[in-house]
file input_21.cif (mmCIF, C-alpha atoms)
data_start
loop_
_atom_site.label_atom_id
_atom_site.label_comp_id
_atom_site.auth_asym_id
_atom_site.auth_seq_id
_atom_site.Cartn_x
_atom_site.Cartn_y
_atom_site.Cartn_z
CA MET A 1150 -30.84 45.36 -101.82
CA ASP A 1151 -27.34 44.62 -103.11
CA PRO A 1152 -24.77 45.21 -100.30
CA ARG A 1153 -22.41 46.72 -102.88
CA GLU A 1154 -24.88 49.56 -103.46
CA LEU A 1155 -25.44 50.05 -99.77
CA HIS A 1156 -21.86 49.95 -98.50
CA PRO A 1157 -20.65 53.42 -99.63
CA VAL A 1158 -23.81 55.09 -98.32
CA VAL A 1159 -23.53 53.25 -95.01
CA ALA A 1160 -19.91 54.37 -94.77
CA GLY A 1161 -21.17 57.95 -94.80
CA LEU A 1162 -23.47 57.16 -91.88
CA PHE A 1163 -20.40 55.98 -89.94
CA ALA A 1164 -18.16 58.92 -90.87
CA ARG A 1165 -17.93 60.20 -87.27
CA GLY A 1166 -16.76 63.63 -86.13
CA ARG A 1167 -13.25 65.04 -86.18
CA GLY A 1168 -12.92 65.87 -82.50
CA ARG A 1169 -14.17 65.11 -79.01
CA SER A 1170 -17.11 67.48 -78.66
CA THR A 1171 -19.60 66.63 -75.92
CA ARG A 1172 -22.91 68.09 -77.04
CA VAL A 1173 -26.35 66.54 -76.67
CA ALA A 1174 -29.41 67.19 -78.83
CA ILE A 1175 -32.91 66.09 -77.92
CA GLU A 1176 -35.65 64.97 -80.27
CA GLN A 1177 -38.88 65.01 -78.26
CA GLU A 1178 -42.11 63.58 -79.64
CA TYR A 1179 -45.49 64.58 -78.24
CA VAL A 1180 -48.94 63.08 -78.65
CA VAL A 1181 -51.28 65.85 -79.80
CA ALA A 1182 -54.91 66.07 -78.68
CA ALA A 1183 -57.73 68.57 -78.40
CA ALA A 1184 -58.88 69.62 -74.94
CA ASP A 1185 -61.61 66.97 -75.09
CA GLY A 1186 -59.13 64.30 -76.21
CA ALA A 1187 -60.14 64.29 -79.86
CA VAL A 1188 -57.67 63.91 -82.72
CA VAL A 1189 -56.56 67.29 -84.08
CA PRO A 1190 -56.11 67.59 -87.86
CA ILE A 1191 -52.45 68.09 -88.57
CA ASP A 1192 -53.11 71.21 -90.66
CA VAL A 1193 -54.67 72.89 -87.62
CA VAL A 1194 -51.53 72.25 -85.58
CA ARG A 1195 -49.30 73.41 -88.44
CA ARG A 1196 -51.13 76.71 -88.66
CA ALA A 1197 -50.97 77.23 -84.91
CA VAL A 1198 -47.19 76.73 -84.75
CA ALA A 1199 -46.32 78.26 -88.14
CA GLY A 1200 -42.87 79.81 -88.06
CA SER A 1201 -41.75 77.91 -84.97
CA PRO A 1202 -38.31 76.36 -85.51
CA TYR A 1203 -37.41 72.71 -85.02
CA VAL A 1204 -40.98 71.41 -85.46
CA SER A 1205 -41.93 68.42 -87.61
CA PHE A 1206 -44.64 65.78 -87.52
CA GLU A 1207 -44.97 62.01 -87.35
CA PRO A 1208 -47.48 60.05 -89.45
CA GLY A 1209 -50.26 60.05 -86.85
CA GLY A 1210 -49.92 63.77 -86.19
CA GLN A 1211 -47.47 63.48 -83.30
CA LEU A 1212 -45.43 66.67 -83.01
CA GLU A 1213 -41.64 66.30 -82.87
CA LEU A 1214 -39.20 68.88 -81.60
CA SER A 1215 -35.73 68.31 -83.08
CA LEU A 1216 -33.59 70.71 -81.10
CA PRO A 1217 -30.03 71.63 -82.10
CA PRO A 1218 -27.01 70.36 -80.12
CA SER A 1219 -26.54 72.13 -76.82
CA LEU A 1220 -24.63 71.98 -73.56
CA ASP A 1221 -27.96 72.44 -71.73
CA PRO A 1222 -30.48 70.57 -73.88
CA VAL A 1223 -33.11 70.10 -71.17
CA ARG A 1224 -33.35 73.85 -70.57
CA ASP A 1225 -33.83 74.32 -74.32
CA LEU A 1226 -36.50 71.61 -74.38
CA ARG A 1227 -38.47 73.18 -71.53
CA ARG A 1228 -38.37 76.67 -73.05
CA THR A 1229 -39.28 75.59 -76.58
CA THR A 1230 -42.10 73.35 -75.38
CA ALA A 1231 -43.52 76.13 -73.21
CA ARG A 1232 -43.56 78.52 -76.20
CA LEU A 1233 -45.34 75.95 -78.35
CA ARG A 1234 -47.97 75.26 -75.69
CA ARG A 1235 -48.74 78.98 -75.44
CA ARG A 1236 -49.28 79.12 -79.19
CA LEU A 1237 -51.42 75.98 -79.25
CA GLY A 1238 -53.87 77.17 -76.61
CA GLY A 1239 -56.30 74.36 -75.88
CA ILE A 1240 -54.42 71.81 -78.00
CA THR A 1241 -52.35 69.62 -75.69
CA LEU A 1242 -48.85 68.21 -76.12
CA ARG A 1243 -48.31 65.12 -73.99
CA PRO A 1244 -45.03 63.18 -73.65
CA ILE A 1245 -46.72 59.79 -73.46
CA PRO A 1246 -45.18 56.73 -75.16
CA VAL A 1247 -48.39 55.18 -76.53
CA ASP A 1248 -51.48 57.17 -77.41
CA PRO A 1249 -54.46 55.46 -75.70
CA ARG A 1250 -56.78 56.43 -78.55
CA GLU A 1251 -57.21 53.53 -80.96
CA ASP A 1252 -58.73 55.46 -83.86
CA VAL A 1253 -55.82 57.75 -84.80
CA PRO A 1254 -55.73 58.06 -88.61
CA LEU A 1255 -52.69 58.24 -90.86
CA GLN A 1256 -52.27 62.01 -91.27
CA LEU A 1257 -49.10 62.13 -93.37
CA ILE A 1258 -49.94 60.56 -96.72
CA ALA A 1259 -46.74 61.16 -98.67
CA PRO A 1260 -45.79 58.13 -100.81
CA ARG A 1261 -43.08 57.16 -98.30
CA TYR A 1262 -45.57 56.77 -95.45
CA VAL A 1263 -48.18 55.03 -97.55
CA ALA A 1264 -45.55 52.54 -98.73
CA MET A 1265 -44.31 52.08 -95.18
CA GLN A 1266 -47.78 51.36 -93.85
CA ARG A 1267 -48.49 48.95 -96.71
CA HIS A 1268 -45.28 47.05 -95.97
CA PHE A 1269 -45.89 46.90 -92.21
CA ASP A 1270 -49.49 45.74 -92.73
CA ARG A 1271 -48.13 42.61 -94.39
CA ILE A 1272 -46.37 41.73 -91.12
CA GLY A 1273 -49.00 42.59 -88.53
CA PRO A 1274 -50.87 45.35 -86.66
CA ALA A 1275 -47.85 46.78 -84.82
CA GLY A 1276 -46.82 48.98 -87.75
CA ARG A 1277 -49.95 51.09 -87.60
CA VAL A 1278 -49.61 51.50 -83.84
CA MET A 1279 -45.97 52.53 -84.19
CA MET A 1280 -46.58 55.03 -86.97
CA ARG A 1281 -49.74 56.64 -85.60
CA ARG A 1282 -49.70 56.27 -81.83
CA THR A 1283 -46.18 56.06 -80.37
CA ALA A 1284 -43.85 58.78 -79.10
CA SER A 1285 -40.29 58.68 -77.83
CA THR A 1286 -37.55 60.85 -76.44
CA GLN A 1287 -34.48 60.47 -78.65
CA PHE A 1288 -30.98 61.67 -77.85
CA CYS A 1289 -28.35 62.64 -80.39
CA LEU A 1290 -24.77 62.52 -79.15
CA ASP A 1291 -21.51 63.61 -80.75
CA TRP A 1292 -19.61 60.69 -82.25
CA TRP A 1293 -15.85 60.65 -81.84
CA PRO A 1294 -13.19 59.43 -84.29
CA GLY A 1295 -10.89 56.48 -83.74
CA ARG A 1296 -11.22 53.66 -81.25
CA ALA A 1297 -13.27 55.76 -78.85
CA GLY A 1298 -15.96 56.12 -81.52
CA LEU A 1299 -16.23 52.37 -81.92
CA GLU A 1300 -16.56 52.08 -78.14
CA GLN A 1301 -19.34 54.67 -78.19
CA TRP A 1302 -21.26 52.71 -80.83
CA ARG A 1303 -20.90 49.51 -78.84
CA VAL A 1304 -21.76 50.95 -75.43
CA LEU A 1305 -24.97 52.62 -76.57
CA ASN A 1306 -26.15 49.35 -78.09
CA LEU A 1307 -25.07 47.18 -75.16
CA ALA A 1308 -26.52 49.45 -72.47
CA GLY A 1309 -29.75 49.84 -74.41
CA PRO A 1310 -31.78 47.00 -72.87
CA ALA A 1311 -30.95 48.14 -69.33
CA LEU A 1312 -31.73 51.79 -70.01
CA ALA A 1313 -34.90 50.98 -71.94
CA ALA A 1314 -36.08 48.86 -69.00
CA ARG A 1315 -35.05 51.38 -66.38
CA PHE A 1316 -37.02 54.19 -68.03
CA ASN A 1317 -39.83 52.08 -69.48
CA ARG A 1318 -43.32 53.59 -69.22
CA SER A 1319 -45.35 51.53 -71.69
CA SER A 1320 -45.51 48.78 -74.29
CA ARG A 1321 -43.93 51.02 -76.94
CA LEU A 1322 -40.63 49.16 -77.27
CA ALA A 1323 -42.43 45.82 -77.70
CA VAL A 1324 -44.55 47.43 -80.42
CA TRP A 1325 -41.43 48.69 -82.22
CA GLN A 1326 -39.74 45.31 -82.07
CA ALA A 1327 -42.82 43.65 -83.57
CA VAL A 1328 -43.20 46.11 -86.46
CA ASP A 1329 -40.57 44.52 -88.70
CA PRO A 1330 -37.72 42.77 -86.85
CA ALA A 1331 -35.50 43.04 -89.94
CA ARG A 1332 -35.47 46.83 -89.61
CA THR A 1333 -36.74 47.85 -86.14
CA ALA A 1334 -35.28 45.27 -83.77
CA PHE A 1335 -31.75 44.88 -82.48
CA ASP A 1336 -29.52 42.75 -84.73
CA ASP A 1337 -26.62 41.03 -82.95
CA ARG A 1338 -24.49 41.41 -86.09
CA LEU A 1339 -24.19 45.12 -85.36
CA LEU A 1340 -21.74 44.42 -82.52
CA TYR A 1341 -19.56 41.70 -84.02
CA GLY A 1342 -15.98 42.50 -84.98
CA ASP A 1343 -14.35 45.87 -85.59
CA ASP A 1344 -16.07 46.76 -88.88
CA PRO A 1345 -19.43 48.33 -88.01
CA VAL A 1346 -19.89 49.52 -91.61
CA ALA A 1347 -19.88 45.93 -92.89
CA ALA A 1348 -22.18 44.82 -90.08
CA TYR A 1349 -24.68 47.60 -90.69
CA THR A 1350 -24.56 46.98 -94.44
CA ALA A 1351 -25.48 43.34 -93.84
CA PHE A 1352 -28.30 44.43 -91.53
CA ALA A 1353 -29.62 46.87 -94.15
CA ALA A 1354 -29.36 44.34 -96.97
CA GLY A 1355 -31.60 41.96 -95.03
CA ALA A 1356 -34.53 44.39 -94.79
CA THR A 1357 -37.28 44.46 -97.42
CA VAL A 1358 -36.98 47.41 -99.81
CA PHE A 1359 -40.11 49.53 -100.31
CA VAL A 1360 -38.61 52.90 -101.36
CA ASP A 1361 -36.18 53.70 -104.16
CA GLY A 1362 -32.41 53.96 -103.83
CA PRO A 1363 -29.91 52.99 -101.11
CA ALA A 1364 -30.22 56.30 -99.22
CA GLY A 1365 -34.00 56.02 -99.20
CA HIS A 1366 -33.84 52.41 -98.05
CA LEU A 1367 -31.44 53.24 -95.21
CA SER A 1368 -33.81 55.96 -94.02
CA THR A 1369 -36.46 53.27 -93.40
CA LEU A 1370 -34.27 51.37 -90.91
CA PHE A 1371 -35.08 52.04 -87.25
CA PRO A 1372 -32.68 50.08 -85.03
CA PRO A 1373 -32.34 51.00 -81.33
CA VAL A 1374 -29.22 53.09 -82.09
CA ARG A 1375 -29.05 54.81 -85.44
CA PRO A 1376 -25.82 56.04 -87.07
CA ARG A 1377 -26.19 59.59 -88.41
CA GLY A 1378 -22.76 60.53 -89.75
CA THR A 1379 -21.21 62.70 -87.05
CA TYR A 1380 -23.58 61.70 -84.26
CA LEU A 1381 -25.44 58.70 -82.86
CA GLU A 1382 -29.19 58.73 -82.30
CA VAL A 1383 -30.55 56.78 -79.31
CA ARG A 1384 -34.05 55.60 -80.21
CA TYR A 1385 -34.96 53.00 -77.58
CA LEU A 1386 -36.45 55.24 -74.88
CA ASP A 1387 -40.12 55.97 -74.26
CA ALA A 1388 -41.29 59.58 -74.33
CA GLN A 1389 -40.25 61.11 -71.01
CA GLU A 1390 -41.22 63.98 -68.74
CA PRO A 1391 -38.59 66.76 -68.53
CA HIS A 1392 -37.17 65.77 -65.14
CA MET A 1393 -36.47 62.28 -66.46
CA VAL A 1394 -35.03 63.67 -69.71
CA GLU A 1395 -32.46 65.50 -67.59
CA ARG A 1396 -31.55 62.33 -65.71
CA ILE A 1397 -31.19 60.28 -68.88
CA ALA A 1398 -29.09 62.96 -70.56
CA ARG A 1399 -26.66 62.81 -67.63
CA ILE A 1400 -26.37 59.02 -67.95
CA LEU A 1401 -25.83 59.13 -71.69
CA ARG A 1402 -23.18 61.82 -71.32
CA GLN A 1403 -21.28 59.52 -68.99
CA LEU A 1404 -21.58 56.55 -71.30
CA MET A 1405 -20.49 58.50 -74.36
CA TYR A 1406 -18.00 61.04 -73.08
CA ASP A 1407 -16.35 59.60 -69.95
CA ASP A 1408 -13.60 57.19 -71.07
CA VAL A 1409 -13.43 55.44 -67.69
CA VAL A 1410 -17.18 54.90 -67.35
CA ARG A 1411 -17.60 53.82 -70.97
CA ARG A 1412 -14.86 51.21 -70.82
CA ASP A 1413 -16.03 49.94 -67.45
CA VAL A 1414 -19.53 49.38 -68.84
CA LEU A 1415 -18.12 47.64 -71.92
CA ARG A 1416 -16.12 45.26 -69.72
CA LYS A 1417 -19.09 44.39 -67.53
CA THR A 1418 -21.88 44.18 -70.12
CA PRO A 1419 -21.77 41.07 -72.31
CA CYS A 1420 -23.34 40.89 -75.73
CA THR A 1421 -25.82 38.01 -75.52
CA GLU A 1422 -27.98 36.74 -78.34
CA GLY A 1423 -31.55 37.97 -78.02
CA MET A 1424 -30.71 40.46 -75.28
CA TRP A 1425 -33.43 42.85 -76.51
CA HIS A 1426 -36.04 40.11 -76.26
CA ASP A 1427 -35.54 39.06 -72.65
CA ASP A 1428 -38.21 39.71 -70.08
CA ARG A 1429 -38.19 43.37 -69.03
CA ARG A 1430 -37.27 42.47 -65.45
CA THR A 1431 -34.06 40.75 -66.56
CA LEU A 1432 -32.80 43.66 -68.65
CA ARG A 1433 -31.40 45.71 -65.78
CA HIS A 1434 -27.71 45.05 -66.20
CA ARG A 1435 -25.81 46.02 -63.08
CA SER A 1436 -23.56 48.47 -64.92
CA ALA A 1437 -26.35 50.64 -66.32
CA ALA A 1438 -28.35 50.37 -63.08
CA ARG A 1439 -25.36 51.79 -61.22
CA LEU A 1440 -25.19 54.70 -63.67
CA ALA A 1441 -28.91 55.35 -63.37
CA GLY A 1442 -28.60 55.58 -59.59
#

call {"tool": "encode", "arguments": {"input": "input_21.cif", "output": "structure tokens"}}
result
Amino acid sequence: MDPRELHPVVAGLFARGRGRSTRVAIEQEYVVAAADGAVVPIDVVRRAVAGSPYVSFEPGGQLELSLPPSLDPVRDLRRTTARLRRRLGGITLRPIPVDPREDVPLQLIAPRYVAMQRHFDRIGPAGRVMMRRTASTQFCLDWWPGRAGLEQWRVLNLAGPALAARFNRSSRLAVWQAVDPARTAFDDRLLYGDDPVAAYTAFAAGATVFVDGPAGHLSTLFPPVRPRGTYLEVRYLDAQEPHMVERIARILRQLMYDDVVRRDVLRKTPCTEGMWHDDRRTLRHRSAARLAG
């Protein structure tokens, strides 16, 4: 896609907030299964949770809770999940990164998902696994204006390999990186220079287009950290149990909202080519390991 079409839309994704708010929102994905482990038709789950706020679904029927920003997001996650489980009865919600079932069908068949699957199939089998069988815990963090906001963008990307390794539970991240490296893997260009809009525009222009319009195309990009206007979305973590969600939220708060910690990590964490593709054991940068305790 022509970078000139993409640039103004990308600029909106990098608008950033007006102040220094410190909220965290959690997007928790769950693998859904019947009591006997069978796949549950998505319409059955929809009926069971009808009227519940914050619920959406992934292409394989995974349930996603997209909770609003909060100063105590883990409490909100626990309470909302408990309410859903009571409504679902024998249908289980499991925060596991990769569904062990290999026969999960595509349950969302809107044109967007059909086109996405068709595109990923041209590259390899990872796309179907990602769409139908993976789940993650994503964190959305308030994005500040000015120089601090640029630091926040950089630190979440740079600390990503260490945090992904520290809280790794599966092969999910390797699956995501194999889906379509032009849109799902880390691109070193995203951290060069002081113009992240230009860098992200170049990244977006390099990905194959399979939906109409610049906004639609940008919505099909899934890098480890995703710009969302006034907040940043951390996408590189496996689905986590609640006690680990709490621990990760504390780490991300420090990285994003503590000026001293953020700048210390930026000084000590170099940007190296291919850093997302190193062996998992080498990804534990000392700075993020210290934060993780």

call {"tool": "resolve_selection", "arguments": {"input": "input_21.cif", "expression": "the PyMOL selection byres ((chain A and resi 1208) around 6)", "output": "MDAnalysis selection string"}}
result
chainID A and resid 1207 1209:1210 1255:1257 1280:1281

call {"tool": "resolve_selection", "arguments": {"input": "input_21.cif", "expression": "the PyMOL selection byres ((chain A and resi 1337-1352) around 10)", "output": "JSON, numbers by chain"}}
result
{"A": [1150, 1151, 1152, 1153, 1154, 1155, 1156, 1157, 1158, 1159, 1160, 1161, 1162, 1163, 1164, 1296, 1299, 1300, 1302, 1303, 1304, 1306, 1307, 1331, 1332, 1334, 1335, 1336, 1353, 1354, 1355, 1356, 1367, 1370, 1372, 1374, 1375, 1376, 1420, 1421, 1422, 1423, 1424, 1425]}

call {"tool": "atom_distance", "arguments": {"input": "input_21.cif", "atom1": "CA of Arg1195 in chain A", "atom2": "CA of Leu1237 in chain A"}}
result
9.8 Å

call {"tool": "resolve_selection", "arguments": {"input": "input_21.cif", "expression": "the PyMOL selection byres ((chain A and resi 1386-1402) around 6)", "output": "list of chain:residue names"}}
result
A:Val1223, A:Pro1244, A:Ile1245, A:Pro1246, A:Ala1284, A:Ser1285, A:Thr1286, A:Ala1313, A:Arg1384, A:Tyr1385, A:Gln1403, A:Leu1404, A:Met1405, A:Tyr1406

call {"tool": "atom_distance", "arguments": {"input": "input_21.cif", "atom1": "CA of Leu1242 in chain A", "atom2": "CA of Arg1172 in chain A"}}
result
26.0 Å

call {"tool": "residues_around", "arguments": {"input": "input_21.cif", "residues": "Leu1214 in chain A", "least_positions_apart": "3", "cutoff": "6 Å", "atoms": "only C-alpha atoms", "output": "VMD selection string"}}
result
chain A and resid 1176 to 1177 1203 to 1204

call {"tool": "axis_aligned_box", "arguments": {"input": "input_21.cif", "around": "range 1316-1331 of chain A", "padding_each_side": "8 Å", "output": "JSON"}}
result
{"center_x": -40.5, "center_y": 48.5, "center_z": -79.0, "size_x": 26.0, "size_y": 27.4, "size_z": 37.9}

call {"tool": "atom_distance", "arguments": {"input": "input_21.cif", "atom1": "CA of Ser1320 in chain A", "atom2": "CA of Glu1213 in chain A"}}
result
19.9 Å

call {"tool": "closest_residue", "arguments": {"input": "input_21.cif", "among": "A:Pro1363, A:Pro1373, A:Gly1295, A:Gly1273", "to": "Asp1329 in chain A", "atoms": "only C-alpha atoms"}}
result
A:Gly1273

call {"tool": "build_atoms", "arguments": {"input": "input_21.cif", "residues": "range 1305-1336 of chain A", "atoms": "N, CA and C atoms", "output": "PDB file, in the coordinates of the input"}}
result
ATOM      1  N   LEU A1305     -23.573  52.215 -76.465  1.00  0.00           N
ATOM      2  CA  LEU A1305     -24.970  52.620 -76.570  1.00  0.00           C
ATOM      3  C   LEU A1305     -25.876  51.443 -76.922  1.00  0.00           C
ATOM      4  N   ASN A1306     -25.387  50.549 -77.764  1.00  0.00           N
ATOM      5  CA  ASN A1306     -26.150  49.350 -78.090  1.00  0.00           C
ATOM      6  C   ASN A1306     -26.230  48.384 -76.916  1.00  0.00           C
ATOM      7  N   LEU A1307     -25.108  48.159 -76.245  1.00  0.00           N
ATOM      8  CA  LEU A1307     -25.070  47.180 -75.160  1.00  0.00           C
ATOM      9  C   LEU A1307     -25.856  47.647 -73.941  1.00  0.00           C
ATOM     10  N   ALA A1308     -25.792  48.926 -73.635  1.00  0.00           N
ATOM     11  CA  ALA A1308     -26.520  49.450 -72.470  1.00  0.00           C
ATOM     12  C   ALA A1308     -27.996  49.657 -72.762  1.00  0.00           C
ATOM     13  N   GLY A1309     -28.383  49.553 -74.032  1.00  0.00           N
ATOM     14  CA  GLY A1309     -29.750  49.840 -74.410  1.00  0.00           C
ATOM     15  C   GLY A1309     -30.818  49.063 -73.663  1.00  0.00           C
ATOM     16  N   PRO A1310     -30.724  47.730 -73.569  1.00  0.00           N
ATOM     17  CA  PRO A1310     -31.780  47.000 -72.870  1.00  0.00           C
ATOM     18  C   PRO A1310     -31.966  47.441 -71.419  1.00  0.00           C
ATOM     19  N   ALA A1311     -30.857  47.712 -70.725  1.00  0.00           N
ATOM     20  CA  ALA A1311     -30.950  48.140 -69.330  1.00  0.00           C
ATOM     21  C   ALA A1311     -31.599  49.517 -69.223  1.00  0.00           C
ATOM     22  N   LEU A1312     -31.177  50.440 -70.077  1.00  0.00           N
ATOM     23  CA  LEU A1312     -31.730  51.790 -70.010  1.00  0.00           C
ATOM     24  C   LEU A1312     -33.183  51.811 -70.450  1.00  0.00           C
ATOM     25  N   ALA A1313     -33.511  51.043 -71.491  1.00  0.00           N
ATOM     26  CA  ALA A1313     -34.900  50.980 -71.940  1.00  0.00           C
ATOM     27  C   ALA A1313     -35.799  50.435 -70.835  1.00  0.00           C
ATOM     28  N   ALA A1314     -35.305  49.431 -70.101  1.00  0.00           N
ATOM     29  CA  ALA A1314     -36.080  48.860 -69.000  1.00  0.00           C
ATOM     30  C   ALA A1314     -36.181  49.817 -67.832  1.00  0.00           C
ATOM     31  N   ARG A1315     -35.066  50.469 -67.532  1.00  0.00           N
ATOM     32  CA  ARG A1315     -35.050  51.380 -66.380  1.00  0.00           C
ATOM     33  C   ARG A1315     -36.031  52.534 -66.562  1.00  0.00           C
ATOM     34  N   PHE A1316     -36.175  53.026 -67.785  1.00  0.00           N
ATOM     35  CA  PHE A1316     -37.020  54.190 -68.030  1.00  0.00           C
ATOM     36  C   PHE A1316     -38.278  53.828 -68.822  1.00  0.00           C
ATOM     37  N   ASN A1317     -38.652  52.555 -68.768  1.00  0.00           N
ATOM     38  CA  ASN A1317     -39.830  52.080 -69.480  1.00  0.00           C
ATOM     39  C   ASN A1317     -41.108  52.620 -68.854  1.00  0.00           C
ATOM     40  N   ARG A1318     -42.041  53.067 -69.698  1.00  0.00           N
ATOM     41  CA  ARG A1318     -43.320  53.590 -69.220  1.00  0.00           C
ATOM     42  C   ARG A1318     -44.504  52.944 -69.924  1.00  0.00           C
ATOM     43  N   SER A1319     -44.250  51.988 -70.839  1.00  0.00           N
ATOM     44  CA  SER A1319     -45.350  51.530 -71.690  1.00  0.00           C
ATOM     45  C   SER A1319     -44.936  50.273 -72.446  1.00  0.00           C
ATOM     46  N   SER A1320     -45.788  49.909 -73.405  1.00  0.00           N
ATOM     47  CA  SER A1320     -45.510  48.780 -74.290  1.00  0.00           C
ATOM     48  C   SER A1320     -44.851  49.225 -75.596  1.00  0.00           C
ATOM     49  N   ARG A1321     -44.419  50.475 -75.673  1.00  0.00           N
ATOM     50  CA  ARG A1321     -43.930  51.020 -76.940  1.00  0.00           C
ATOM     51  C   ARG A1321     -42.773  50.224 -77.539  1.00  0.00           C
ATOM     52  N   LEU A1322     -41.794  49.852 -76.724  1.00  0.00           N
ATOM     53  CA  LEU A1322     -40.630  49.160 -77.270  1.00  0.00           C
ATOM     54  C   LEU A1322     -41.033  47.797 -77.846  1.00  0.00           C
ATOM     55  N   ALA A1323     -41.946  47.100 -77.177  1.00  0.00           N
ATOM     56  CA  ALA A1323     -42.430  45.820 -77.700  1.00  0.00           C
ATOM     57  C   ALA A1323     -43.135  46.024 -79.039  1.00  0.00           C
ATOM     58  N   VAL A1324     -43.886  47.121 -79.150  1.00  0.00           N
ATOM     59  CA  VAL A1324     -44.550  47.430 -80.420  1.00  0.00           C
ATOM     60  C   VAL A1324     -43.497  47.627 -81.508  1.00  0.00           C
ATOM     61  N   TRP A1325     -42.465  48.417 -81.229  1.00  0.00           N
ATOM     62  CA  TRP A1325     -41.430  48.690 -82.220  1.00  0.00           C
ATOM     63  C   TRP A1325     -40.732  47.407 -82.653  1.00  0.00           C
ATOM     64  N   GLN A1326     -40.439  46.539 -81.716  1.00  0.00           N
ATOM     65  CA  GLN A1326     -39.740  45.310 -82.070  1.00  0.00           C
ATOM     66  C   GLN A1326     -40.596  44.392 -82.935  1.00  0.00           C
ATOM     67  N   ALA A1327     -41.915  44.507 -82.803  1.00  0.00           N
ATOM     68  CA  ALA A1327     -42.820  43.650 -83.570  1.00  0.00           C
ATOM     69  C   ALA A1327     -43.144  44.203 -84.946  1.00  0.00           C
ATOM     70  N   VAL A1328     -42.815  45.461 -85.189  1.00  0.00           N
ATOM     71  CA  VAL A1328     -43.200  46.110 -86.460  1.00  0.00           C
ATOM     72  C   VAL A1328     -42.602  45.373 -87.650  1.00  0.00           C
ATOM     73  N   ASP A1329     -41.298  45.206 -87.632  1.00  0.00           N
ATOM     74  CA  ASP A1329     -40.570  44.520 -88.700  1.00  0.00           C
ATOM     75  C   ASP A1329     -39.180  44.223 -88.136  1.00  0.00           C
ATOM     76  N   PRO A1330     -38.987  43.048 -87.522  1.00  0.00           N
ATOM     77  CA  PRO A1330     -37.720  42.770 -86.850  1.00  0.00           C
ATOM     78  C   PRO A1330     -36.494  42.958 -87.730  1.00  0.00           C
ATOM     79  N   ALA A1331     -36.651  42.862 -89.046  1.00  0.00           N
ATOM     80  CA  ALA A1331     -35.500  43.040 -89.940  1.00  0.00           C
ATOM     81  C   ALA A1331     -35.038  44.485 -90.010  1.00  0.00           C
ATOM     82  N   ARG A1332     -35.873  45.424 -89.526  1.00  0.00           N
ATOM     83  CA  ARG A1332     -35.470  46.830 -89.610  1.00  0.00           C
ATOM     84  C   ARG A1332     -35.675  47.603 -88.306  1.00  0.00           C
ATOM     85  N   THR A1333     -36.472  47.095 -87.361  1.00  0.00           N
ATOM     86  CA  THR A1333     -36.740  47.850 -86.140  1.00  0.00           C
ATOM     87  C   THR A1333     -36.213  47.183 -84.884  1.00  0.00           C
ATOM     88  N   ALA A1334     -35.764  45.962 -84.961  1.00  0.00           N
ATOM     89  CA  ALA A1334     -35.280  45.270 -83.770  1.00  0.00           C
ATOM     90  C   ALA A1334     -33.754  45.243 -83.755  1.00  0.00           C
ATOM     91  N   PHE A1335     -33.197  44.971 -82.583  1.00  0.00           N
ATOM     92  CA  PHE A1335     -31.750  44.880 -82.480  1.00  0.00           C
ATOM     93  C   PHE A1335     -31.244  43.663 -83.239  1.00  0.00           C
ATOM     94  N   ASP A1336     -30.145  43.832 -83.973  1.00  0.00           N
ATOM     95  CA  ASP A1336     -29.520  42.750 -84.730  1.00  0.00           C
ATOM     96  C   ASP A1336     -28.131  42.514 -84.151  1.00  0.00           C
TER      97      ASP A1336
END
